[in-house]
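Okay, query02.csv is below, CSV, C-alpha atoms and all ligand atoms:
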```
chain,number,residue,atom,x,y,z
P,1,MET,CA,22.7,2.1,-16.3
P,2,ASP,CA,23.1,2.0,-12.5
P,3,ASP,CA,20.8,3.8,-10.1
P,4,ASP,CA,23.5,6.2,-8.8
P,5,TRP,CA,24.1,7.4,-12.4
P,6,ILE,CA,20.4,7.7,-13.1
P,7,CYS,CA,19.9,9.8,-9.9
P,8,GLY,CA,22.8,12.1,-10.7
P,9,ARG,CA,23.4,12.4,-14.4
P,10,LEU,CA,20.7,10.9,-16.6
P,11,GLY,CA,19.2,13.5,-18.9
P,12,GLU,CA,21.6,16.2,-17.7
P,13,ASP,CA,24.0,16.3,-20.6
P,14,GLU,CA,21.4,18.2,-22.7
P,15,PRO,CA,22.8,21.2,-24.7
P,16,TRP,CA,20.8,23.6,-22.6
P,17,GLN,CA,22.7,22.5,-19.5
P,18,LEU,CA,25.8,24.6,-20.6
P,19,GLY,CA,27.9,22.4,-18.3
P,20,ALA,CA,25.8,23.5,-15.3
P,21,VAL,CA,25.8,20.9,-12.5
P,22,ASN,CA,22.1,21.6,-11.8
P,23,PRO,CA,19.4,21.7,-14.5
P,24,PRO,CA,17.6,24.9,-15.3
P,25,VAL,CA,14.1,25.3,-13.8
P,26,PHE,CA,11.8,26.1,-16.8
P,27,GLU,CA,9.4,28.6,-15.2
P,28,ASN,CA,7.1,28.7,-18.2
P,29,SER,CA,3.3,28.3,-18.0
P,30,LEU,CA,3.4,28.2,-21.8
P,31,PHE,CA,5.7,27.8,-24.8
P,32,THR,CA,5.4,29.6,-28.1
P,33,PHE,CA,5.7,28.3,-31.7
P,34,GLY,CA,6.9,29.6,-35.1
P,35,SER,CA,3.5,29.0,-36.7
P,36,VAL,CA,-0.1,28.2,-35.9
P,37,ALA,CA,0.4,24.9,-37.8
P,38,GLU,CA,3.3,24.0,-35.5
P,39,LEU,CA,1.2,24.8,-32.4
P,40,SER,CA,-1.7,22.7,-33.6
P,41,GLU,CA,0.6,19.8,-34.2
P,42,ALA,CA,2.0,20.1,-30.7
P,43,ILE,CA,-1.4,20.4,-29.1
P,44,LYS,CA,-2.2,16.9,-30.4
P,45,ASP,CA,0.7,15.5,-28.4
P,46,GLU,CA,0.9,17.4,-25.1
P,47,ASP,CA,2.6,14.4,-23.5
P,48,GLU,CA,5.7,14.8,-25.7
P,49,ARG,CA,5.6,18.4,-26.7
P,50,TYR,CA,5.9,21.4,-24.4
P,51,VAL,CA,2.7,23.5,-24.9
P,52,TYR,CA,1.3,24.4,-21.5
P,53,TRP,CA,2.4,23.7,-17.9
P,54,ARG,CA,-0.7,21.6,-17.2
P,55,GLY,CA,0.5,19.2,-19.9
P,56,THR,CA,4.2,19.0,-19.3
P,57,ASN,CA,7.3,21.0,-18.7
P,58,PRO,CA,11.0,20.3,-19.5
P,59,THR,CA,12.0,20.3,-15.8
P,60,VAL,CA,9.2,17.9,-14.9
P,61,ASP,CA,10.1,15.8,-17.9
P,62,LEU,CA,13.7,15.4,-16.7
P,63,LEU,CA,12.4,14.1,-13.4
P,64,GLN,CA,10.0,11.8,-15.3
P,65,ARG,CA,12.9,10.3,-17.3
P,66,LYS,CA,14.9,9.7,-14.2
P,67,LEU,CA,12.0,8.1,-12.3
P,68,ALA,CA,11.1,5.8,-15.3
P,69,ALA,CA,14.7,4.7,-15.6
P,70,LEU,CA,14.9,4.0,-11.8
P,71,GLU,CA,11.7,1.9,-11.9
P,72,ARG,CA,12.8,0.2,-15.1
P,73,ALA,CA,9.6,1.5,-16.7
P,74,GLU,CA,9.1,2.7,-20.2
P,75,ARG,CA,7.4,5.9,-19.0
P,76,ALA,CA,6.7,8.0,-15.9
P,77,LYS,CA,4.2,10.8,-15.4
P,78,CYS,CA,4.6,13.2,-12.4
P,79,PHE,CA,1.7,14.7,-10.6
P,80,GLY,CA,1.2,17.5,-8.1
P,81,SER,CA,0.8,15.0,-5.2
P,82,GLY,CA,0.9,11.3,-4.5
P,83,MET,CA,-2.9,11.2,-4.3
P,84,GLY,CA,-3.1,13.0,-7.6
P,85,ALA,CA,-1.0,10.2,-9.2
P,86,ILE,CA,-3.0,7.4,-7.4
P,87,SER,CA,-6.5,8.8,-8.2
P,88,ALA,CA,-5.6,9.5,-11.8
P,89,ALA,CA,-4.0,6.1,-12.3
P,90,ILE,CA,-6.9,4.2,-10.8
P,91,SER,CA,-9.4,6.3,-12.8
P,92,SER,CA,-7.5,5.5,-16.0
P,93,LEU,CA,-7.9,1.7,-15.4
P,94,VAL,CA,-11.5,1.4,-14.4
P,95,SER,CA,-15.0,2.2,-15.8
P,96,ALA,CA,-18.5,2.2,-14.4
P,97,GLY,CA,-19.5,-1.3,-13.3
P,98,ASP,CA,-15.9,-2.4,-12.7
P,99,HIS,CA,-14.7,-4.0,-9.5
P,100,VAL,CA,-11.3,-3.5,-7.8
P,101,LEU,CA,-9.5,-6.0,-5.4
P,102,VAL,CA,-7.4,-4.4,-2.7
P,103,LEU,CA,-4.9,-6.8,-1.2
P,104,GLY,CA,-3.6,-6.0,2.4
P,105,ALA,CA,-3.6,-2.7,4.2
P,106,ILE,CA,-3.2,0.4,2.0
P,107,TYR,CA,-2.8,4.1,2.6
P,108,GLY,CA,-6.1,5.5,4.1
P,109,PRO,CA,-6.9,8.1,1.4
P,110,THR,CA,-6.5,5.5,-1.4
P,111,THR,CA,-9.3,3.5,0.3
P,112,GLN,CA,-11.3,6.7,0.6
P,113,PHE,CA,-10.8,7.4,-3.1
P,114,LEU,CA,-12.0,3.9,-3.9
P,115,ARG,CA,-15.1,4.6,-1.7
P,116,TYR,CA,-15.6,7.8,-3.6
P,117,LEU,CA,-15.6,5.9,-6.9
P,118,GLU,CA,-18.7,4.0,-5.7
P,119,LYS,CA,-20.8,7.0,-6.8
P,120,TYR,CA,-19.6,6.2,-10.4
P,121,GLY,CA,-20.4,2.5,-10.0
P,122,VAL,CA,-16.9,1.3,-9.3
P,123,THR,CA,-16.8,-1.1,-6.3
P,124,HIS,CA,-14.0,-2.7,-4.4
P,125,THR,CA,-13.3,-5.4,-1.9
P,126,HIS,CA,-10.5,-5.6,0.7
P,127,VAL,CA,-8.8,-9.0,1.0
P,128,GLU,CA,-5.9,-10.2,3.1
P,129,ASP,CA,-4.2,-12.6,0.7
P,130,LEU,CA,-4.4,-14.5,-2.6
P,131,ALA,CA,-6.9,-17.0,-1.1
P,132,GLY,CA,-9.1,-14.0,-0.3
P,133,CYS,CA,-8.6,-12.8,-3.9
P,134,ASP,CA,-9.8,-16.2,-5.2
P,135,SER,CA,-13.0,-15.9,-3.2
P,136,ALA,CA,-13.6,-12.2,-3.9
P,137,ILE,CA,-12.9,-12.0,-7.6
P,138,ARG,CA,-15.9,-11.3,-9.9
P,139,ASP,CA,-16.5,-11.2,-13.6
P,140,THR,CA,-16.3,-7.4,-13.4
P,141,THR,CA,-12.9,-7.3,-11.5
P,142,ARG,CA,-10.4,-5.3,-13.5
P,143,LEU,CA,-7.7,-4.2,-11.1
P,144,LEU,CA,-5.7,-5.5,-8.2
P,145,TYR,CA,-4.3,-2.7,-6.0
P,146,PHE,CA,-1.7,-3.3,-3.2
P,147,GLU,CA,1.3,-1.9,-1.3
P,148,SER,CA,4.4,-3.9,-0.1
P,149,PRO,CA,5.2,-3.6,2.7
P,150,SER,CA,1.7,-2.9,3.7
P,151,TYR,CA,0.4,0.3,5.4
P,152,MET,CA,1.1,0.8,9.1
P,153,ARG,CA,1.9,-2.9,9.8
P,154,TYR,CA,4.6,-3.2,7.1
P,155,ALA,CA,3.8,-6.8,6.2
P,156,VAL,CA,5.6,-8.1,3.1
P,157,VAL,CA,3.5,-9.1,0.1
P,158,ASP,CA,5.0,-11.5,-2.4
P,159,ILE,CA,4.9,-9.2,-5.5
P,160,ALA,CA,5.7,-11.9,-8.1
P,161,SER,CA,3.0,-14.2,-6.8
P,162,VAL,CA,0.4,-11.4,-6.8
P,163,THR,CA,1.2,-10.4,-10.4
P,164,GLY,CA,1.3,-14.0,-11.5
P,165,TRP,CA,-2.2,-14.6,-10.0
P,166,ALA,CA,-3.5,-11.3,-11.5
P,167,ARG,CA,-2.2,-12.2,-15.0
P,168,GLU,CA,-3.8,-15.6,-14.8
P,169,HIS,CA,-7.1,-13.9,-14.1
P,170,GLY,CA,-6.7,-11.1,-16.7
P,171,LEU,CA,-6.4,-8.3,-14.2
P,172,ARG,CA,-4.2,-5.2,-14.2
P,173,THR,CA,-2.0,-4.6,-11.1
P,174,MET,CA,-1.1,-1.4,-9.5
P,175,MET,CA,1.3,-1.0,-6.5
P,176,ASP,CA,2.3,1.8,-4.2
P,177,ASN,CA,6.1,1.6,-3.9
P,178,THR,CA,6.6,4.7,-1.8
P,179,TRP,CA,8.0,2.8,1.3
P,180,SER,CA,10.9,1.2,-0.5
P,181,THR,CA,11.6,3.7,-3.2
P,182,PRO,CA,12.9,2.3,-6.5
P,183,ILE,CA,16.4,2.1,-4.9
P,184,PHE,CA,15.3,-0.9,-2.7
P,185,GLN,CA,12.4,-2.4,-4.8
P,186,LYS,CA,11.5,-2.5,-8.5
P,187,PRO,CA,8.0,-3.9,-8.8
P,188,ILE,CA,7.8,-3.5,-12.6
P,189,THR,CA,10.5,-6.1,-12.9
P,190,LEU,CA,8.2,-8.4,-10.9
P,191,GLY,CA,5.3,-7.9,-13.2
P,192,VAL,CA,3.4,-4.9,-11.8
P,193,ASP,CA,1.6,-2.8,-14.5
P,194,LEU,CA,1.6,0.6,-12.8
P,195,VAL,CA,3.8,1.7,-9.9
P,196,VAL,CA,2.9,4.8,-8.0
P,197,HIS,CA,4.9,6.9,-5.5
P,198,SER,CA,4.4,9.8,-3.3
P,199,LEU,CA,7.4,11.9,-4.1
P,200,SER,CA,6.7,13.9,-0.9
P,201,LYS,CA,8.5,11.2,1.2
P,202,TYR,CA,12.0,9.7,0.6
P,203,ILE,CA,12.4,10.8,-3.1
P,204,GLY,CA,11.9,14.5,-2.2
P,205,GLY,CA,13.6,13.7,1.1
P,206,HIS,CA,13.7,17.2,2.6
P,207,SER,CA,10.0,17.7,3.6
P,208,ASP,CA,9.8,20.7,1.2
P,209,LEU,CA,7.6,19.4,-1.6
P,210,VAL,CA,4.5,17.4,-2.4
P,211,GLY,CA,4.4,15.4,-5.6
P,212,GLY,CA,3.6,12.0,-7.1
P,213,VAL,CA,4.4,9.7,-10.0
P,214,VAL,CA,2.9,6.9,-12.0
P,215,CYS,CA,5.4,4.6,-13.8
P,216,GLY,CA,4.5,1.9,-16.4
P,217,SER,CA,4.4,1.0,-20.1
P,218,THR,CA,3.9,3.7,-22.7
P,219,GLU,CA,0.6,1.9,-23.6
P,220,LEU,CA,-0.7,2.7,-20.1
P,221,ILE,CA,1.0,6.0,-19.3
P,222,ARG,CA,0.3,7.9,-22.6
P,223,PRO,CA,-3.6,7.8,-22.3
P,224,LEU,CA,-3.3,8.7,-18.6
P,225,ALA,CA,-1.0,11.6,-19.4
P,226,LEU,CA,-3.3,12.9,-22.2
P,227,THR,CA,-6.6,12.4,-20.3
P,228,GLU,CA,-6.6,12.2,-16.5
P,229,TYR,CA,-3.4,14.3,-16.1
P,230,GLN,CA,-4.8,17.1,-18.3
P,231,LEU,CA,-8.4,17.0,-17.0
P,232,TYR,CA,-8.0,16.5,-13.3
P,233,GLY,CA,-5.2,19.1,-13.4
P,234,ALA,CA,-3.0,17.8,-10.6
P,235,ALA,CA,0.0,19.1,-12.5
P,236,MET,CA,3.5,19.1,-11.0
P,237,SER,CA,5.2,22.4,-10.8
P,238,PRO,CA,8.7,22.8,-12.3
P,239,HIS,CA,9.9,24.1,-8.9
P,240,ASP,CA,8.8,21.0,-7.1
P,241,ALA,CA,10.3,18.9,-9.9
P,242,ALA,CA,13.6,20.7,-9.4
P,243,LYS,CA,13.5,19.9,-5.7
P,244,ALA,CA,12.7,16.3,-6.4
P,245,ILE,CA,15.6,16.1,-8.9
P,246,LYS,CA,17.8,17.4,-6.0
P,247,GLY,CA,16.3,14.8,-3.7
P,248,LEU,CA,17.3,12.1,-6.2
P,249,ARG,CA,20.9,13.2,-6.2
P,250,THR,CA,21.3,11.9,-2.6
P,251,LEU,CA,18.6,9.3,-2.6
P,252,PRO,CA,20.9,6.2,-2.7
P,253,VAL,CA,23.1,7.4,0.2
P,254,ARG,CA,20.1,8.7,2.2
P,255,MET,CA,18.3,5.3,1.8
P,256,ALA,CA,21.5,3.5,3.0
P,257,ALA,CA,21.5,5.8,6.1
P,258,HIS,CA,17.8,5.5,6.8
P,259,GLN,CA,18.2,1.7,6.5
P,260,GLU,CA,21.1,1.5,9.0
P,261,ARG,CA,19.6,3.9,11.5
P,262,GLY,CA,16.1,2.4,11.2
P,263,LEU,CA,17.4,-1.1,11.8
P,264,ALA,CA,19.4,0.0,14.8
P,265,VAL,CA,16.4,1.7,16.4
P,266,ALA,CA,14.1,-1.2,15.5
P,267,GLU,CA,16.5,-3.7,17.1
P,268,PHE,CA,16.7,-1.7,20.3
P,269,LEU,CA,12.8,-1.5,20.5
P,270,ALA,CA,12.4,-5.2,19.7
P,271,SER,CA,14.4,-6.1,22.9
P,272,HIS,CA,12.6,-3.6,25.1
P,273,GLU,CA,10.2,-5.0,27.8
P,274,LYS,CA,7.6,-2.3,27.3
P,275,VAL,CA,7.3,-3.0,23.5
P,276,ARG,CA,4.9,-5.7,22.5
P,277,ALA,CA,5.9,-5.9,18.9
P,278,VAL,CA,8.0,-4.1,16.3
P,279,ASN,CA,6.5,-4.2,12.8
P,280,HIS,CA,9.6,-3.9,10.5
P,281,PRO,CA,9.8,-6.0,7.3
P,282,ALA,CA,13.3,-7.1,8.2
P,283,PHE,CA,12.0,-9.0,11.2
P,284,SER,CA,9.3,-10.8,9.2
P,285,GLY,CA,11.3,-13.7,7.9
P,286,HIS,CA,9.0,-13.6,4.8
P,287,PRO,CA,10.3,-15.8,1.9
P,288,ALA,CA,9.6,-12.9,-0.5
P,289,LEU,CA,12.0,-10.5,1.4
P,290,LYS,CA,14.5,-11.2,-1.4
P,291,GLN,CA,12.3,-9.0,-3.7
P,292,MET,CA,13.8,-6.0,-1.7
P,293,SER,CA,17.4,-5.0,-1.7
P,294,GLY,CA,17.1,-2.9,1.5
P,295,PHE,CA,14.7,-1.3,4.0
P,296,SER,CA,13.7,2.3,4.5
P,297,GLY,CA,13.4,3.9,8.0
P,298,LEU,CA,9.6,3.7,8.4
P,299,PHE,CA,8.1,1.1,10.8
P,300,SER,CA,5.8,0.8,13.8
P,301,LEU,CA,6.1,-0.4,17.3
P,302,GLU,CA,3.3,-1.6,19.6
P,303,LEU,CA,3.5,-0.3,23.1
P,304,ASP,CA,2.5,-2.6,25.9
P,305,SER,CA,-0.4,-0.4,26.6
P,306,ASP,CA,-4.1,0.0,25.5
P,307,ASP,CA,-4.5,3.4,27.0
P,308,ARG,CA,-4.7,6.3,24.4
P,309,ALA,CA,-3.6,8.9,26.9
P,310,GLU,CA,-0.5,6.8,27.8
P,311,VAL,CA,0.3,6.4,24.1
P,312,ALA,CA,-0.1,10.1,23.4
P,313,ALA,CA,2.1,11.0,26.4
P,314,PHE,CA,4.8,8.6,25.2
P,315,ALA,CA,4.9,10.5,21.8
P,316,GLY,CA,4.9,13.8,23.7
P,317,ARG,CA,8.0,12.9,25.8
P,318,LEU,CA,10.1,12.3,22.6
P,319,ARG,CA,12.4,15.2,21.9
P,320,HIS,CA,14.2,14.1,18.7
P,321,PHE,CA,11.1,12.5,17.0
P,322,ARG,CA,8.8,15.4,16.2
P,323,ILE,CA,5.0,14.8,16.1
P,324,GLY,CA,3.7,15.1,12.6
P,325,VAL,CA,2.1,13.4,9.6
P,326,SER,CA,4.1,12.3,6.5
P,327,TRP,CA,7.5,10.6,6.6
P,328,GLY,CA,10.6,9.9,4.6
P,329,GLY,CA,12.3,13.3,5.3
P,330,PHE,CA,15.7,14.0,7.0
P,331,GLU,CA,13.9,14.5,10.3
P,332,SER,CA,12.6,11.8,12.6
P,333,LEU,CA,8.8,11.8,13.1
P,334,VAL,CA,6.3,10.0,15.3
P,335,ILE,CA,2.6,9.6,15.0
P,336,THR,CA,0.1,7.6,17.0
P,337,PRO,CA,-2.7,6.5,14.7
P,338,ALA,CA,-5.0,5.3,17.5
P,339,VAL,CA,-5.1,8.8,18.9
P,340,THR,CA,-5.2,10.7,15.6
P,341,ILE,CA,-7.7,8.7,13.5
P,342,GLU,CA,-11.3,8.1,14.1
P,343,GLU,CA,-12.0,5.1,16.3
P,344,SER,CA,-14.2,3.3,13.8
P,345,VAL,CA,-11.5,3.7,11.1
P,346,ARG,CA,-8.9,2.4,13.5
P,347,ALA,CA,-10.9,-0.6,14.4
P,348,THR,CA,-11.7,-1.4,10.8
P,349,MET,CA,-8.1,-1.1,9.9
P,350,GLY,CA,-7.2,-3.4,12.8
P,351,ILE,CA,-4.6,-0.9,14.2
P,352,PRO,CA,-3.9,-1.6,17.9
P,353,VAL,CA,-4.3,1.4,20.3
P,354,GLY,CA,-0.6,1.0,21.3
P,355,LEU,CA,0.7,1.3,17.7
P,356,VAL,CA,3.2,4.1,17.2
P,357,ARG,CA,4.7,4.8,13.8
P,358,LEU,CA,8.2,6.1,13.6
P,359,SER,CA,9.9,7.6,10.6
P,360,VAL,CA,13.6,7.3,11.4
P,361,GLY,CA,15.4,10.3,9.9
P,362,LEU,CA,19.1,11.0,9.5
P,363,GLU,CA,20.0,11.8,13.1
P,364,ALA,CA,22.5,9.5,14.8
P,365,ALA,CA,21.0,6.2,15.9
P,366,GLY,CA,22.4,6.6,19.4
P,367,THR,CA,20.6,9.9,19.9
P,368,LEU,CA,17.3,8.4,18.7
P,369,ILE,CA,17.6,5.3,20.9
P,370,ALA,CA,18.4,7.4,24.0
P,371,ASP,CA,15.3,9.5,23.2
P,372,LEU,CA,13.1,6.4,22.9
P,373,ALA,CA,14.6,4.8,26.0
P,374,LEU,CA,13.8,7.8,28.1
P,375,ALA,CA,10.2,8.1,26.8
P,376,LEU,CA,9.6,4.4,27.4
P,377,GLU,CA,10.7,4.7,31.0
P,378,GLY,CA,7.4,6.6,31.6
P,379,VAL,CA,5.1,4.0,30.1
P,380,ARG,CA,3.0,2.2,32.6
P,381,ARG,CA,2.6,-1.4,31.5
P,382,LEU,CA,-0.6,-3.3,31.4
P,383,ALA,CA,-1.2,-5.4,34.5
P,401,LIG,C1,2.0,5.1,1.3
P,401,LIG,C2,1.5,6.4,0.8
P,401,LIG,N1,1.1,6.5,-0.5
P,401,LIG,C3,0.6,7.7,-0.9
P,401,LIG,C4,0.6,8.8,-0.2
P,401,LIG,C5,0.0,10.1,-0.7
P,401,LIG,O1,1.0,11.0,-1.1
P,401,LIG,P1,0.8,12.6,-1.1
P,401,LIG,O2,0.7,13.0,0.3
P,401,LIG,O3,2.0,13.1,-1.8
P,401,LIG,O4,-0.5,12.9,-1.8
P,401,LIG,C6,1.1,8.8,1.2
P,401,LIG,C7,1.0,10.0,2.0
P,401,LIG,O5,1.3,9.9,3.2
P,401,LIG,C8,1.5,7.5,1.6
P,401,LIG,O6,1.9,7.4,2.9
```
Target format structure tokens, applied to this file:
Amino acid sequence: MDDDWICGRLGEDEPWQLGAVNPPVFENSLFTFGSVAELSEAIKDEDERYVYWRGTNPTVDLLQRKLAALERAERAKCFGSGMGAISAAISSLVSAGDHVLVLGAIYGPTTQFLRYLEKYGVTHTHVEDLAGCDSAIRDTTRLLYFESPSYMRYAVVDIASVTGWAREHGLRTMMDNTWSTPIFQKPITLGVDLVVHSLSKYIGGHSDLVGGVVCGSTELIRPLALTEYQLYGAAMSPHDAAKAIKGLRTLPVRMAAHQERGLAVAEFLASHEKVRAVNHPAFSGHPALKQMSGFSGLFSLELDSDDRAEVAAFAGRLRHFRIGVSWGGFESLVITPAVTIEESVRATMGIPVGLVRLSVGLEAAGTLIADLALALEGVRRLA
């Protein structure tokens, strides 16, 4: 099964399709049964049987089947947001007294969620690399959580080395693969136990939905689907699932375009005198780059400036990159974390003041480069 086919056709030859090119949206909060006995059987298995929207729904299920196949996972469970997926999946793997290792920089709210778990007696330690893991591991460590490439700095983490180390130490691994999408990276084939995505980024692709998914073995996904999914209630709506299914139809070609445009923009910036650094995994020379078959369009640059007002003014001068959170849509976006996040958080995360994150959309690279060139002209360099 190739990815193009999975994105377009997998699961879409069901009898209820009637030859339609798009699947129906099952707008049903509940499903009915021929007998009470049949209903009570179905309630015991709300992951497989359609009973109530908060359990599952045929449109959401179709999306789950496609995402599991793309990630080469046995199962996938979709949620109402990426954070819904991440918080439920972490909760499913830890209990009071457990410890979590976090390798490299990760999405801020994921760290906030780990901090939140402290009130239930779950602790965590951030480390930079496997040597750090060796020193920080405890008898109570159960889970190793990471992203690759890492958050904001886009450093490549060698996934197979991390999962090998975790296996040797009896830990589960969980990885956020939102940056690459399963088109460019398949962490389960490299030994990761649970892969999470925000579907709100490239997979949705049109900035019109919020959703998340957890992919993994049936052994790990089934309890999560029957417990955390049902009880936390971060259910995905069939309408958002239908939009994500539409997003998948064009995901492979969109990712190729994001890659091409992102690299052209990154190369222009890397040669610009007012840019101190460009944080793009393609420029890292990391030996583990072969774990990825391509690059998305999200990366950061570091302006040759330590002045917040200067950095904010640079973003304000851009016309084709609009200022906004999130990323992975058709539209190009810019954000300046040093200006938008609290100073103490910025410093702890080691984000330089001059760091600017770009999400390169589907506009022509030449248009985006001209926009950046003009905005850079106004940047006053450090003496
Ligand atoms: C890397 C990463 N993971 C997870 C999330 C959370 O996803 P959502 O916004 O869909 O909850 C985000 C959102 O920005 C993200 O950037």
Checklist entry - Would you name the residues within 7 Å of ligand LIG 401 (chain P), counting all atoms listed in the file, and put them as a PyMOL selection string? => result chain P and resi 81-84+107+151+176+178-179+197-200+210-212+326
Checklist entry - For Arg9 (chain P), which residue out of P:Ser91, P:Leu248, P:Tyr145, P:Ala136 is the nearest one, using only C-alpha atoms? => result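 Among P:Ser91, P:Leu248, P:Tyr145, P:Ala136, it is P:Leu248 that comes nearest to Arg9 (chain P).
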Item to check | Computed interatomic separation between CA of Gly97 (chain P) and CA of Thr125 (chain P) (Å) | outcome: 13.6 Å
Next on the checklist: Need to verify the contact set: region 361-378 of chain P, 8 Å, all atoms listed in the file, exclusion of same-chain residues closer than 6 positions in sequence. Can you return it as a PyMOL selection string?
Outcome noted: chain P and resi 254+257-258+261-262+264-265+268+274+297+314-315+317-321+328-333
How close does each residue of region 212-258 of chain P get to region 48-64 of chain P, giving the shortest atom pair and distance in Å to one decimal for every residue with an atom at most 10 Å away, counting all atoms listed in the file, sorted by chain and residue number, as JSON lines?
```
{"residue": "P:Val213", "atom": "CA", "partner": "P:Gln64", "partner_atom": "CA", "distance": 8.0}
{"residue": "P:Val214", "atom": "CA", "partner": "P:Gln64", "partner_atom": "CA", "distance": 9.2}
{"residue": "P:Cys215", "atom": "CA", "partner": "P:Gln64", "partner_atom": "CA", "distance": 8.7}
{"residue": "P:Arg222", "atom": "CA", "partner": "P:Glu48", "partner_atom": "CA", "distance": 9.3}
{"residue": "P:Ala225", "atom": "CA", "partner": "P:Gly55", "partner_atom": "CA", "distance": 7.8}
{"residue": "P:Leu226", "atom": "CA", "partner": "P:Gly55", "partner_atom": "CA", "distance": 7.7}
{"residue": "P:Thr227", "atom": "CA", "partner": "P:Gly55", "partner_atom": "CA", "distance": 9.8}
{"residue": "P:Tyr229", "atom": "CA", "partner": "P:Gly55", "partner_atom": "CA", "distance": 7.3}
{"residue": "P:Gln230", "atom": "CA", "partner": "P:Gly55", "partner_atom": "CA", "distance": 5.9}
{"residue": "P:Leu231", "atom": "CA", "partner": "P:Arg54", "partner_atom": "CA", "distance": 9.0}
{"residue": "P:Tyr232", "atom": "CA", "partner": "P:Arg54", "partner_atom": "CA", "distance": 9.7}
{"residue": "P:Gly233", "atom": "CA", "partner": "P:Arg54", "partner_atom": "CA", "distance": 6.4}
{"residue": "P:Ala234", "atom": "CA", "partner": "P:Arg54", "partner_atom": "CA", "distance": 8.0}
{"residue": "P:Ala235", "atom": "CA", "partner": "P:Arg54", "partner_atom": "CA", "distance": 5.4}
{"residue": "P:Met236", "atom": "CA", "partner": "P:Val60", "partner_atom": "CA", "distance": 7.0}
{"residue": "P:Ser237", "atom": "CA", "partner": "P:Val60", "partner_atom": "CA", "distance": 7.3}
{"residue": "P:Pro238", "atom": "CA", "partner": "P:Thr59", "partner_atom": "CA", "distance": 5.4}
{"residue": "P:His239", "atom": "CA", "partner": "P:Thr59", "partner_atom": "CA", "distance": 8.2}
{"residue": "P:Asp240", "atom": "CA", "partner": "P:Val60", "partner_atom": "CA", "distance": 8.4}
{"residue": "P:Ala241", "atom": "CA", "partner": "P:Val60", "partner_atom": "CA", "distance": 5.2}
{"residue": "P:Ala242", "atom": "CA", "partner": "P:Thr59", "partner_atom": "CA", "distance": 6.6}
{"residue": "P:Lys243", "atom": "CA", "partner": "P:Leu63", "partner_atom": "CA", "distance": 9.7}
{"residue": "P:Ala244", "atom": "CA", "partner": "P:Leu63", "partner_atom": "CA", "distance": 7.3}
{"residue": "P:Ile245", "atom": "CA", "partner": "P:Leu63", "partner_atom": "CA", "distance": 5.9}
{"residue": "P:Lys246", "atom": "CA", "partner": "P:Leu63", "partner_atom": "CA", "distance": 9.7}
{"residue": "P:Leu248", "atom": "CA", "partner": "P:Leu63", "partner_atom": "CA", "distance": 8.9}
```
Could you please take those selected residues and save C-alpha atoms as a PDB file, in the coordinates of the input?
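Dumped everything to out.pdb:
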```pdb
ATOM      1  CA  VAL P 213       4.400   9.700 -10.000  1.00  0.00           C
ATOM      2  CA  VAL P 214       2.900   6.900 -12.000  1.00  0.00           C
ATOM      3  CA  CYS P 215       5.400   4.600 -13.800  1.00  0.00           C
ATOM      4  CA  ARG P 222       0.300   7.900 -22.600  1.00  0.00           C
ATOM      5  CA  ALA P 225      -1.000  11.600 -19.400  1.00  0.00           C
ATOM      6  CA  LEU P 226      -3.300  12.900 -22.200  1.00  0.00           C
ATOM      7  CA  THR P 227      -6.600  12.400 -20.300  1.00  0.00           C
ATOM      8  CA  TYR P 229      -3.400  14.300 -16.100  1.00  0.00           C
ATOM      9  CA  GLN P 230      -4.800  17.100 -18.300  1.00  0.00           C
ATOM     10  CA  LEU P 231      -8.400  17.000 -17.000  1.00  0.00           C
ATOM     11  CA  TYR P 232      -8.000  16.500 -13.300  1.00  0.00           C
ATOM     12  CA  GLY P 233      -5.200  19.100 -13.400  1.00  0.00           C
ATOM     13  CA  ALA P 234      -3.000  17.800 -10.600  1.00  0.00           C
ATOM     14  CA  ALA P 235       0.000  19.100 -12.500  1.00  0.00           C
ATOM     15  CA  MET P 236       3.500  19.100 -11.000  1.00  0.00           C
ATOM     16  CA  SER P 237       5.200  22.400 -10.800  1.00  0.00           C
ATOM     17  CA  PRO P 238       8.700  22.800 -12.300  1.00  0.00           C
ATOM     18  CA  HIS P 239       9.900  24.100  -8.900  1.00  0.00           C
ATOM     19  CA  ASP P 240       8.800  21.000  -7.100  1.00  0.00           C
ATOM     20  CA  ALA P 241      10.300  18.900  -9.900  1.00  0.00           C
ATOM     21  CA  ALA P 242      13.600  20.700  -9.400  1.00  0.00           C
ATOM     22  CA  LYS P 243      13.500  19.900  -5.700  1.00  0.00           C
ATOM     23  CA  ALA P 244      12.700  16.300  -6.400  1.00  0.00           C
ATOM     24  CA  ILE P 245      15.600  16.100  -8.900  1.00  0.00           C
ATOM     25  CA  LYS P 246      17.800  17.400  -6.000  1.00  0.00           C
ATOM     26  CA  LEU P 248      17.300  12.100  -6.200  1.00  0.00           C
TER      27      LEU P 248
END
```
With only C-alpha atoms counted and 12 Å as the cut-off, give the residues of region 49-144 of chain P in contact with region 343-354 of chain P, each with its shortest interatomic distance in Å and the pair that gives it, as JSON lines.
```
{"residue": "P:Gly104", "atom": "CA", "partner": "P:Met349", "partner_atom": "CA", "distance": 10.0}
{"residue": "P:Ala105", "atom": "CA", "partner": "P:Met349", "partner_atom": "CA", "distance": 7.4}
{"residue": "P:Ile106", "atom": "CA", "partner": "P:Met349", "partner_atom": "CA", "distance": 9.4}
{"residue": "P:Tyr107", "atom": "CA", "partner": "P:Met349", "partner_atom": "CA", "distance": 10.4}
{"residue": "P:Gly108", "atom": "CA", "partner": "P:Met349", "partner_atom": "CA", "distance": 9.0}
{"residue": "P:Pro109", "atom": "CA", "partner": "P:Val345", "partner_atom": "CA", "distance": 11.6}
{"residue": "P:Thr111", "atom": "CA", "partner": "P:Met349", "partner_atom": "CA", "distance": 10.7}
{"residue": "P:Gln112", "atom": "CA", "partner": "P:Val345", "partner_atom": "CA", "distance": 10.9}
{"residue": "P:His126", "atom": "CA", "partner": "P:Met349", "partner_atom": "CA", "distance": 10.5}
{"residue": "P:Val127", "atom": "CA", "partner": "P:Met349", "partner_atom": "CA", "distance": 11.9}
{"residue": "P:Glu128", "atom": "CA", "partner": "P:Met349", "partner_atom": "CA", "distance": 11.6}
```
